[in-house]
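Visitor: This is the content of input-v6.txt (compact mmCIF, C-alpha atoms):
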```
# COMPACT_ATOMS: atom_id res chain seq x y z
CA MET A 1 176.39 177.94 166.55
CA ALA A 2 178.14 177.15 169.83
CA LEU A 3 179.48 173.91 168.39
CA LEU A 4 180.81 175.75 165.33
CA LEU A 5 182.62 178.30 167.50
CA THR A 6 184.11 175.51 169.59
CA LEU A 7 185.40 173.69 166.52
CA LEU A 8 186.81 176.93 165.11
CA THR A 9 188.61 177.66 168.39
CA VAL A 10 190.12 174.17 168.48
CA ALA A 11 191.26 174.50 164.86
CA LEU A 12 192.91 177.88 165.53
CA CYS A 13 194.68 176.54 168.63
CA PHE A 14 195.93 173.55 166.71
CA LEU A 15 197.18 175.79 163.89
CA ALA A 16 199.01 177.99 166.39
CA PHE A 17 200.59 174.87 167.88
CA LEU A 18 201.88 173.78 164.47
CA LEU A 19 203.18 177.24 163.62
CA PHE A 20 205.07 177.35 166.93
CA PHE A 21 206.92 174.14 166.14
CA GLU A 22 207.48 175.20 162.55
CA ARG A 23 209.17 178.40 163.71
CA SER A 24 211.25 176.42 166.19
CA TYR A 25 212.33 173.99 163.48
CA ASN A 26 213.13 176.76 160.98
CA ARG A 27 215.32 178.51 163.53
CA ARG A 28 217.33 175.33 163.90
CA SER A 29 217.66 174.54 160.21
CA ARG A 30 216.79 176.50 157.08
CA ALA A 31 216.99 173.39 154.93
CA GLN A 32 214.63 170.42 155.00
CA THR A 33 216.28 167.39 156.55
CA THR A 34 216.17 164.15 154.59
CA ILE A 35 216.49 160.91 156.54
CA HIS A 36 218.25 157.97 154.86
CA THR A 37 218.06 154.54 156.46
CA ILE A 38 221.33 152.59 156.36
CA ARG A 39 221.13 148.80 156.61
CA ASP A 40 224.35 147.76 154.85
CA PRO A 41 227.47 147.39 157.07
CA ALA A 42 229.75 148.53 154.23
CA VAL A 43 227.74 151.72 153.72
CA ALA A 44 227.74 152.37 157.48
CA HIS A 45 231.53 151.94 157.47
CA ARG A 46 231.97 154.43 154.64
CA ALA A 47 229.71 156.94 156.38
CA LEU A 48 230.97 156.65 159.96
CA ILE A 49 234.61 155.58 159.58
CA GLU A 50 235.95 156.50 156.13
CA ASN A 51 234.02 159.78 155.91
CA ALA A 52 233.64 160.45 159.62
CA ASP A 53 234.16 164.20 159.31
CA ASP A 54 231.35 164.55 156.76
CA PHE A 55 228.88 162.72 158.99
CA ALA A 56 230.01 164.14 162.33
CA ASN A 57 226.66 165.79 163.09
CA GLN A 58 223.58 163.91 164.21
CA PRO A 59 220.32 164.69 162.31
CA ALA A 60 218.53 166.99 164.73
CA SER A 61 215.03 166.06 163.64
CA ILE A 62 215.22 162.50 164.98
CA PHE A 63 216.17 163.66 168.48
CA PRO A 64 213.13 165.31 170.07
CA VAL A 65 215.18 166.73 172.93
CA SER A 66 216.44 169.36 170.47
CA LEU A 67 212.89 170.49 169.72
CA ALA A 68 213.12 172.63 172.83
CA VAL A 69 214.79 175.92 171.87
CA TRP A 70 215.58 179.04 173.81
CA PRO A 71 213.86 182.37 173.02
CA ASN A 72 216.91 183.49 171.01
CA GLY A 73 216.57 180.45 168.74
CA ASP A 74 219.59 178.54 170.09
CA ARG A 75 219.24 174.77 170.18
CA ASN A 76 218.93 173.13 173.57
CA ASP A 77 221.41 170.27 173.16
CA ASN A 78 223.02 167.40 174.96
CA ILE A 79 226.15 165.51 173.86
CA THR A 80 224.15 163.32 171.49
CA THR A 81 222.43 166.14 169.63
CA ALA A 82 225.03 168.94 169.65
CA ASN A 83 226.69 169.74 166.35
CA HIS A 84 230.30 168.66 166.00
CA GLY A 85 232.54 171.53 167.05
CA PRO A 86 234.12 173.25 170.06
CA HIS A 87 230.94 173.16 172.19
CA TRP A 88 230.37 169.46 171.53
CA ARG A 89 234.04 168.66 172.25
CA ALA A 90 233.88 170.52 175.55
CA LEU A 91 230.78 168.59 176.65
CA ARG A 92 232.10 165.20 175.55
CA CYS A 93 235.61 165.69 176.96
CA ASN A 94 234.14 166.73 180.28
CA LEU A 95 232.18 163.48 180.51
CA THR A 96 234.92 161.16 179.27
CA ALA A 97 237.65 162.75 181.38
CA GLN A 98 235.62 162.63 184.56
CA ILE A 99 233.20 160.04 185.86
CA ILE A 100 233.28 157.50 182.99
CA HIS A 101 237.02 157.61 182.34
CA PRO A 102 238.41 154.05 182.06
CA SER A 103 240.76 154.70 184.98
CA ARG A 104 237.75 155.17 187.25
CA LEU A 105 235.92 151.95 186.36
CA CYS A 106 237.89 149.87 188.85
CA SER A 107 237.07 152.26 191.68
CA LEU A 108 233.38 152.28 190.68
CA ALA A 109 233.11 148.47 190.82
CA PRO A 110 232.06 148.42 194.52
CA LEU A 111 229.19 150.83 193.79
CA MET A 112 228.10 148.66 190.86
CA GLN A 113 228.23 145.55 193.04
CA ASP A 114 226.13 147.29 195.70
CA ALA A 115 223.53 148.14 193.05
CA ALA A 116 223.51 144.54 191.78
CA LEU A 117 223.06 143.19 195.32
CA ALA A 118 220.22 145.66 195.86
CA LEU A 119 218.58 144.12 192.79
CA VAL A 120 219.04 140.62 194.28
CA ALA A 121 217.34 141.72 197.50
CA ASP A 122 214.50 143.33 195.54
CA LEU A 123 213.93 140.18 193.47
CA LEU A 124 213.89 138.01 196.58
CA ALA A 125 211.35 140.29 198.23
CA ARG A 126 209.16 140.32 195.13
CA ALA A 127 209.32 136.54 194.71
CA THR A 128 208.34 136.04 198.34
CA ARG A 129 205.57 138.62 198.24
CA LEU A 130 204.07 137.57 194.92
CA GLY A 131 204.34 133.84 195.42
CA ALA A 132 203.44 132.04 192.17
CA GLY A 133 206.41 129.69 192.46
CA GLY A 134 208.94 132.49 192.81
CA GLU A 135 208.12 134.15 189.48
CA VAL A 136 209.24 137.75 189.01
CA ALA A 137 209.30 140.34 186.25
CA ILE A 138 212.85 141.54 185.67
CA ARG A 139 212.60 144.89 183.85
CA VAL A 140 211.26 147.19 186.56
CA PRO A 141 213.50 146.02 189.45
CA THR A 142 216.57 146.06 187.20
CA ASN A 143 215.79 149.60 186.06
CA THR A 144 215.18 150.67 189.67
CA ALA A 145 218.53 149.31 190.86
CA LEU A 146 220.40 150.87 187.95
CA PHE A 147 218.68 154.21 188.39
CA GLY A 148 219.70 154.30 192.04
CA LEU A 149 223.33 153.92 191.00
CA VAL A 150 223.11 156.43 188.14
CA THR A 151 221.47 159.12 190.29
CA LEU A 152 224.25 158.63 192.85
CA LEU A 153 226.87 159.11 190.14
CA CYS A 154 225.00 162.14 188.80
CA PHE A 155 223.99 164.01 191.95
CA GLY A 156 225.93 162.40 194.78
CA ASP A 157 224.08 161.66 198.00
CA THR A 158 221.86 164.75 197.80
CA VAL A 159 218.95 162.75 196.27
CA ASP A 160 216.54 161.09 198.69
CA GLY A 161 214.18 158.23 197.87
CA GLN A 162 211.23 160.45 197.01
CA ASN A 163 213.28 162.57 194.60
CA ARG A 164 214.80 159.47 193.05
CA ARG A 165 211.37 158.02 192.31
CA ALA A 166 210.19 161.32 190.79
CA LEU A 167 213.32 161.52 188.64
CA GLY A 168 212.85 157.93 187.50
CA HIS A 169 209.24 158.55 186.50
CA VAL A 170 210.03 161.59 184.38
CA VAL A 171 212.97 159.87 182.63
CA ARG A 172 210.88 156.78 181.79
CA ASP A 173 207.93 158.92 180.67
CA ASN A 174 210.19 160.98 178.42
CA MET A 175 211.69 157.88 176.82
CA ASP A 176 208.19 156.47 176.31
CA ALA A 177 207.10 159.71 174.65
CA VAL A 178 210.09 159.60 172.31
CA GLY A 179 209.20 156.01 171.48
CA GLU A 180 205.69 157.12 170.48
CA LEU A 181 207.04 159.22 167.61
CA SER A 182 206.35 157.88 164.14
CA PRO A 183 209.29 155.87 162.72
CA ARG A 184 209.20 158.19 159.68
CA PHE A 185 209.44 161.37 161.73
CA ASP A 186 211.63 163.81 159.77
CA GLY A 187 210.83 167.19 161.28
CA SER A 188 208.42 168.23 158.52
CA MET A 189 205.02 169.84 159.11
CA VAL A 190 203.29 166.57 158.25
CA SER A 191 205.42 164.70 160.79
CA LYS A 192 204.58 167.28 163.41
CA LEU A 193 200.90 166.90 162.66
CA VAL A 194 201.15 163.13 163.08
CA ASN A 195 203.18 163.43 166.29
CA TRP A 196 201.52 166.39 167.98
CA ARG A 197 200.50 164.41 171.06
CA ALA A 198 204.04 163.18 171.64
CA PHE A 199 205.41 166.70 171.09
CA ARG A 200 203.05 168.15 173.67
CA ARG A 201 204.00 165.43 176.14
CA ILE A 202 207.74 165.90 175.57
CA SER A 203 207.43 169.65 176.11
CA ALA A 204 205.57 169.16 179.40
CA LEU A 205 208.12 166.60 180.56
CA PHE A 206 210.98 168.97 179.77
CA ASP A 207 209.39 171.57 182.05
CA ARG A 208 208.94 168.91 184.73
CA GLN A 209 212.62 167.93 184.50
CA THR A 210 213.64 171.55 185.00
CA GLU A 211 211.51 171.73 188.16
CA LEU A 212 213.10 168.57 189.56
CA TYR A 213 216.71 169.37 188.68
CA ARG A 214 216.83 172.99 189.82
CA PRO A 215 216.88 172.30 193.62
CA LEU A 216 219.35 169.45 193.06
CA PHE A 217 221.70 171.79 191.20
CA ALA A 218 221.45 174.21 194.10
CA ALA A 219 222.17 171.45 196.59
CA ARG A 220 225.34 170.46 194.74
CA ARG A 221 226.54 174.05 194.77
CA GLU A 222 226.28 173.91 198.56
CA SER A 223 227.80 170.42 198.98
CA ARG A 224 230.76 170.37 196.64
CA SER A 225 233.00 168.47 199.06
CA LYS A 226 230.83 165.32 199.03
CA VAL A 227 231.64 162.47 196.66
CA CYS A 228 229.82 159.38 195.36
CA GLY A 229 230.37 156.67 197.93
CA GLY A 230 233.69 158.28 198.86
CA ILE A 231 235.04 157.58 195.34
CA VAL A 232 234.36 160.19 192.64
CA HIS A 233 232.77 163.59 192.32
CA PRO A 234 229.25 163.55 190.81
CA TYR A 235 228.61 164.43 187.17
CA VAL A 236 226.69 167.59 188.10
CA ASP A 237 229.78 168.94 189.88
CA SER A 238 231.74 168.68 186.64
CA LEU A 239 228.96 170.53 184.81
CA LEU A 240 229.04 173.32 187.38
CA ASP A 241 232.81 173.65 186.92
CA LEU A 242 232.76 173.32 183.12
CA ARG A 243 233.47 176.30 180.89
CA VAL A 244 232.36 176.09 177.26
CA PRO A 245 233.30 178.31 174.27
CA ASP A 246 231.20 181.47 174.17
CA GLY A 247 229.59 181.44 170.73
CA ASP A 248 228.65 185.12 171.04
CA SER A 249 232.23 186.18 171.58
CA LYS A 250 234.46 187.31 168.71
CA ASN A 251 237.40 185.91 170.64
CA GLY A 252 237.36 182.12 170.37
CA ASP A 253 239.25 181.79 173.67
CA VAL A 254 236.45 183.30 175.75
CA ARG A 255 234.60 180.69 177.78
CA ARG A 256 231.51 180.80 179.95
CA ALA A 257 229.72 178.63 182.48
CA LEU A 258 226.83 176.44 181.38
CA ARG A 259 223.41 177.96 181.81
CA GLU A 260 221.07 176.07 184.08
CA GLY A 261 218.80 175.27 181.14
CA GLU A 262 221.76 173.78 179.26
CA MET A 263 222.47 171.44 182.14
CA VAL A 264 218.96 169.96 182.09
CA PRO A 265 219.28 167.96 178.83
CA LEU A 266 222.80 166.87 179.78
CA VAL A 267 221.54 165.42 183.06
CA PHE A 268 218.57 163.78 181.34
CA GLU A 269 220.96 162.22 178.82
CA PHE A 270 223.18 160.88 181.62
CA LEU A 271 220.25 159.40 183.55
CA GLY A 272 218.45 157.97 180.52
CA ALA A 273 221.46 156.53 178.73
CA GLY A 274 222.71 155.01 181.98
CA THR A 275 219.56 152.98 182.55
CA GLY A 276 217.53 152.24 179.42
CA SER A 277 220.09 150.47 177.23
CA ILE A 278 221.66 148.54 180.12
CA THR A 279 218.33 147.32 181.46
CA THR A 280 217.38 146.22 177.96
CA CYS A 281 220.59 144.24 177.42
CA VAL A 282 220.32 142.51 180.81
CA GLU A 283 216.73 141.50 180.06
CA TRP A 284 217.51 140.15 176.57
CA THR A 285 220.54 138.20 177.78
CA LEU A 286 218.65 136.63 180.68
CA ALA A 287 215.90 135.62 178.26
CA HIS A 288 218.42 133.70 176.15
CA LEU A 289 219.96 132.09 179.25
CA ILE A 290 216.51 130.90 180.30
CA ASN A 291 215.62 129.60 176.84
CA GLN A 292 218.97 127.79 176.59
CA PRO A 293 219.87 126.66 180.14
CA GLU A 294 223.15 125.06 179.02
CA PHE A 295 224.48 128.60 178.47
CA GLN A 296 223.41 129.56 181.98
CA THR A 297 225.19 126.52 183.45
CA ARG A 298 228.40 127.31 181.58
CA LEU A 299 228.35 130.94 182.67
CA ARG A 300 227.72 130.00 186.30
CA ARG A 301 230.67 127.60 186.22
CA GLU A 302 232.92 130.38 184.89
CA ILE A 303 231.74 132.82 187.58
CA ASP A 304 232.36 130.30 190.35
CA ASP A 305 235.80 129.40 188.98
CA VAL A 306 236.96 133.01 188.59
CA ALA A 307 235.33 134.83 191.50
CA GLY A 308 234.32 132.07 193.91
CA GLY A 309 232.47 133.68 196.78
CA ALA A 310 234.42 136.94 196.61
CA PRO A 311 232.77 140.21 195.55
CA LEU A 312 232.88 140.82 191.81
CA SER A 313 235.60 143.25 190.79
CA ALA A 314 236.63 144.88 187.54
CA LYS A 315 239.52 142.42 187.34
CA SER A 316 237.35 139.33 187.84
CA LEU A 317 234.77 140.54 185.31
CA ARG A 318 237.52 141.07 182.74
CA SER A 319 238.67 137.51 183.37
CA MET A 320 235.37 135.96 182.23
CA PRO A 321 235.54 135.45 178.43
CA TYR A 322 232.28 133.53 178.26
CA LEU A 323 230.41 136.31 180.08
CA ASN A 324 231.87 138.78 177.58
CA ALA A 325 230.82 136.57 174.66
CA LEU A 326 227.26 136.30 175.98
CA VAL A 327 226.93 140.07 176.29
CA LEU A 328 228.37 140.70 172.81
CA GLU A 329 226.07 138.12 171.22
CA SER A 330 223.08 139.71 172.95
CA LEU A 331 224.12 143.16 171.73
CA ARG A 332 224.62 141.81 168.20
CA MET A 333 221.11 140.40 168.03
CA HIS A 334 219.35 143.08 170.09
CA PRO A 335 221.22 146.42 169.85
CA PRO A 336 219.45 148.74 172.32
CA LEU A 337 219.14 151.90 170.21
CA VAL A 338 217.03 151.86 167.04
CA MET A 339 219.34 153.78 164.71
CA PHE A 340 221.14 152.88 161.49
CA LYS A 341 219.02 149.69 161.45
CA LEU A 342 221.57 148.22 163.83
CA GLY A 343 219.63 144.99 164.10
CA ASP A 344 219.92 144.42 160.34
CA ILE A 345 223.65 145.15 160.43
CA GLY A 346 224.23 142.72 163.30
CA ARG A 347 222.27 140.01 161.49
CA ASP A 348 223.69 140.47 157.99
CA LYS A 349 223.94 137.00 156.42
CA ALA A 350 227.00 138.06 154.45
CA MET A 351 228.86 138.84 157.68
CA TRP A 352 227.57 136.22 160.13
CA THR A 353 226.97 132.47 160.11
CA ASP A 354 223.36 131.68 161.08
CA PRO A 355 222.83 135.29 162.23
CA ASP A 356 219.40 134.63 163.76
CA GLU A 357 220.76 132.01 166.16
CA PHE A 358 222.12 132.93 169.59
CA ARG A 359 225.69 131.57 169.55
CA PRO A 360 227.97 133.25 172.11
CA GLU A 361 230.86 130.92 171.17
CA ARG A 362 231.30 132.91 167.96
CA PHE A 363 233.00 135.60 170.11
CA LEU A 364 235.36 133.16 171.87
CA GLU A 365 238.89 132.26 170.79
CA GLY A 366 238.77 130.59 167.41
CA GLY A 367 235.25 131.83 166.69
CA GLU A 368 234.21 133.83 163.63
CA ALA A 369 234.00 137.03 165.71
CA GLU A 370 236.95 136.43 168.02
CA HIS A 371 238.30 139.96 167.48
CA VAL A 372 234.94 141.78 167.28
CA GLY A 373 234.10 144.03 170.22
CA PRO A 374 231.35 146.45 171.22
CA LEU A 375 232.92 149.19 169.04
CA PRO A 376 233.85 148.58 165.38
CA GLY A 377 237.46 148.58 164.26
CA SER A 378 238.85 150.74 161.49
CA LYS A 379 238.59 148.08 158.75
CA GLU A 380 234.96 146.97 158.87
CA ILE A 381 231.68 147.18 160.76
CA ARG A 382 230.08 143.89 161.73
CA MET A 383 228.04 145.26 164.63
CA MET A 384 227.79 148.68 166.26
CA PRO A 385 225.50 148.57 169.31
CA PHE A 386 227.22 151.67 170.73
CA GLY A 387 227.63 153.48 167.42
CA ALA A 388 230.86 154.14 165.54
CA GLY A 389 233.17 156.94 164.47
CA HIS A 390 233.25 160.35 166.14
CA ARG A 391 229.79 159.96 167.67
CA HIS A 392 230.09 156.53 169.28
CA CYS A 393 228.69 156.26 172.79
CA PRO A 394 231.32 157.58 175.22
CA GLY A 395 229.96 155.38 178.01
CA VAL A 396 230.61 152.05 176.28
CA GLY A 397 233.20 150.94 178.86
CA MET A 398 230.98 151.65 181.84
CA ALA A 399 227.93 150.14 180.10
CA MET A 400 229.75 146.87 179.38
CA MET A 401 231.01 146.64 182.94
CA LEU A 402 227.57 147.34 184.41
CA ILE A 403 225.88 144.75 182.18
CA LYS A 404 228.47 142.13 183.13
CA CYS A 405 228.27 142.97 186.84
CA PHE A 406 224.48 142.66 186.91
CA LEU A 407 224.38 139.47 184.84
CA ALA A 408 227.16 137.77 186.79
CA THR A 409 225.49 138.64 190.10
CA LEU A 410 222.05 137.46 188.99
CA VAL A 411 223.35 134.15 187.62
CA ARG A 412 225.57 133.53 190.65
CA GLU A 413 222.73 134.17 193.10
CA PHE A 414 219.77 132.55 191.28
CA GLU A 415 218.73 129.63 189.13
CA TRP A 416 216.62 131.08 186.29
CA THR A 417 213.91 128.95 184.69
CA LEU A 418 210.86 129.46 182.50
CA SER A 419 207.70 130.86 184.01
CA ALA A 420 204.64 128.64 184.08
CA GLN A 421 203.18 130.55 181.15
CA ASP A 422 206.31 130.07 179.01
CA CYS A 423 207.05 126.43 179.85
CA SER A 424 205.49 125.03 176.69
CA ARG A 425 206.96 127.43 174.12
CA GLY A 426 209.90 129.24 175.71
CA VAL A 427 210.39 132.96 176.27
CA ASP A 428 208.67 135.17 173.68
CA MET A 429 211.54 136.95 171.89
CA THR A 430 209.37 139.33 169.86
CA GLU A 431 210.95 142.80 169.62
CA GLN A 432 209.27 146.14 170.06
CA ASP A 433 210.82 149.27 168.58
CA GLY A 434 210.81 152.45 170.60
CA PHE A 435 213.52 154.70 171.96
CA VAL A 436 215.23 151.40 172.82
CA LYS A 437 214.53 147.94 171.39
CA LEU A 438 212.54 146.25 174.17
CA MET A 439 211.08 142.79 174.54
CA LYS A 440 207.47 143.21 173.47
CA LYS A 441 206.41 140.96 176.33
CA PRO A 442 208.47 141.90 179.41
CA LEU A 443 210.50 138.99 180.75
CA CYS A 444 208.94 137.10 183.64
CA ALA A 445 210.81 134.08 185.03
CA ARG A 446 210.96 131.71 187.97
CA VAL A 447 213.89 132.38 190.30
CA ALA A 448 215.29 130.08 192.97
CA ARG A 449 218.06 131.18 195.33
CA ARG A 450 221.21 129.08 195.02
CA THR A 451 222.35 127.44 198.24
```
Show me the file's structure as structure tokens.

Guide:
Amino acid sequence: MALLLTLLTVALCFLAFLLFFERSYNRRSRAQTTIHTIRDPAVAHRALIENADDFANQPASIFPVSLAVWPNGDRNDNITTANHGPHWRALRCNLTAQIIHPSRLCSLAPLMQDAALALVADLLARATRLGAGGEVAIRVPTNTALFGLVTLLCFGDTVDGQNRRALGHVVRDNMDAVGELSPRFDGSMVSKLVNWRAFRRISALFDRQTELYRPLFAARRESRSKVCGGIVHPYVDSLLDLRVPDGDSKNGDVRRALREGEMVPLVFEFLGAGTGSITTCVEWTLAHLINQPEFQTRLRREIDDVAGGAPLSAKSLRSMPYLNALVLESLRMHPPLVMFKLGDIGRDKAMWTDPDEFRPERFLEGGEAEHVGPLPGSKEIRMMPFGAGHRHCPGVGMAMMLIKCFLATLVREFEWTLSAQDCSRGVDMTEQDGFVKLMKKPLCARVARRT
């Protein structure tokens, strides 16, 4: 009898859980969302370029951050998930006009170089401490160095080491939870049943983020005169100053400040997008440089010729065409975000010669992709690692500069060779789908400091 009551209680709790999410979903959308997978570059071009206005909204069901709703039923959005309109434009313009504006990239180069040198020091310490012929895993230290920079750009110097570690844990855990969702998640009751563990974890992590961010928001209100490394005002300052259209007002000109709860997903988006995709691209590119050492030698020669022993600057990084080609080829083969089947688009045999081979020279002068960049042009889509159309990633410029800065620093400072385990067969390039497309086996390599 006791066992029967226990099972009945569990069943009722589980039913209540499902009904809660069903009500949340119905408040967001009265119609069932249908997910279509696009693999064809021509179809992607028609959807995102030719008919950009018709596909200006992101499907809410595939972004779990929007599962959190306020008591009045309003969606809790960031720039990625917000519907196209005045609110979305206010959020996006605030970001693009402030800390990631192209005019600020040159001034941010010293901070990026400091982060890259911090990664070098970390790798040296790990190689010395772990021994094993100087072998190190690259993903965790790269993510740590990047996250230190991104938290500085987000919160200024009000974040200490303990807070930074806590913030990093919750961002990584949230991205892992999103990656646990079924690939066929469409927001339906069946999908919720399949993904209930991930939903519960995401909800708990959202509450944890709010706890961590609240005192940092308060600290920025008290320290508005401080800037990131003496260069730019932090992202949170711009959010505190931002005024968005008041949807409850009959007068479209009325604006209001962001609520604290609305700032939480925006900060999470800034921290997560600024680390996950960049770390992934650095790891994939290094793996190819280790598997094909002639590429590493050529890149190192270019770095030495352009920069010599001087600190890397925005100007010197822009003057390295081979570095740019390596990054673009890595993004073509391993686009970080798993959307629109970007990997299939970047490896379409009708668009690329030998698409499964790593050939950075295809992006150099005279190559088949000489004029292809990280964002598609208006005529065709051959690759779109940062999206396309109205909803392309606004941080593409900063992301490309960060990837190049980290790669150039790592190749200038170290010789990278296969680990003892990989010597016979090369680096395992098996992919693993999640929130970002990771290497299934994290990269571990032997590093030797250049003299």

Visitor: Which residue out of A:His288, A:Arg449, A:Leu91, A:Arg382 has the minimum interatomic distance to A:Met429 when only C-alpha atoms are used?

Guide: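 Closest to A:Met429, using only C-alpha atoms: A:His288.
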
Visitor: I need the residue nearest A:Leu337 from this list: A:Asp433, A:Pro265, A:Phe358, A:Cys423. Use all atoms listed in the file for the distance.

Guide: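 When distances to A:Leu337 are compared using all atoms listed in the file, the smallest one comes from A:Asp433.
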
Visitor: Quote the spacing between atom CA of A:Pro234 and atom CA of A:Phe268 in Å to one decimal place.

Guide: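 Atom-to-atom, atom CA of A:Pro234 to atom CA of A:Phe268, that is 14.3 Å.
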
Visitor: Find the residues with any atom within 6 Å of (214.8, 146.4, 178.7); use all atoms listed in the file and the coordinates as given in the file, and write the answer as a list of chain:residue names.

Guide: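 Output: A:Arg139, A:Thr279, A:Thr280, A:Glu283, A:Leu438.
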
Visitor: Which of these, A:Thr417, A:Ser378, A:Asn163, A:Phe406, has the shortest distance to A:Pro141 once you count all atoms listed in the file?

Guide: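 Under the stated criterion, the closest residue is A:Phe406.
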
Visitor: Could you tell me how far atom CA of A:Gly367 sits from atom CA of A:Asp344, in Å to one decimal place?

Guide: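 Between atom CA of A:Asp344 and atom CA of A:Gly367 the gap is 20.8 Å.
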
Visitor: When you count all atoms listed in the file, which of these residues is closest to A:Pro293: A:Glu260, A:Glu269, A:Asp428, A:Glu415?

Guide: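 Checking each candidate against A:Pro293, we get A:Glu415 as the closest.
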
Visitor: Identify which of the residues A:Gln209, A:Asn291, A:Ser313, A:Thr353 lies closest to A:Ser419, counting all atoms listed in the file when measuring atom-to-atom distances.

Guide: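 Going through A:Gln209, A:Asn291, A:Ser313, A:Thr353 one by one, the smallest distance to A:Ser419 is for A:Asn291.
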
Visitor: Using all atoms listed in the file, which residues sit within 9 Å of A:Gly134 once same-chain residues fewer than 6 positions away are excluded, as a list of chain:residue names?

Guide: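 These residues fall inside the cut-off: A:Leu124, A:Arg126, A:Ala127, A:Thr128, A:Ala445, A:Arg446, A:Val447, A:Ala448.
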
Visitor: Could you state the separation of atom CA of A:Val236 and atom CA of A:Phe217 in Å, given to one decimal place?

Guide: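 Going from atom CA of A:Val236 over to atom CA of A:Phe217, I get 7.2 Å.
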
Visitor: Have a look at A:Leu312, A:Ala350, A:Leu266, A:Ala369 and name the one nearest to A:Ala408; count all atoms listed in the file.

Guide: A:Leu312
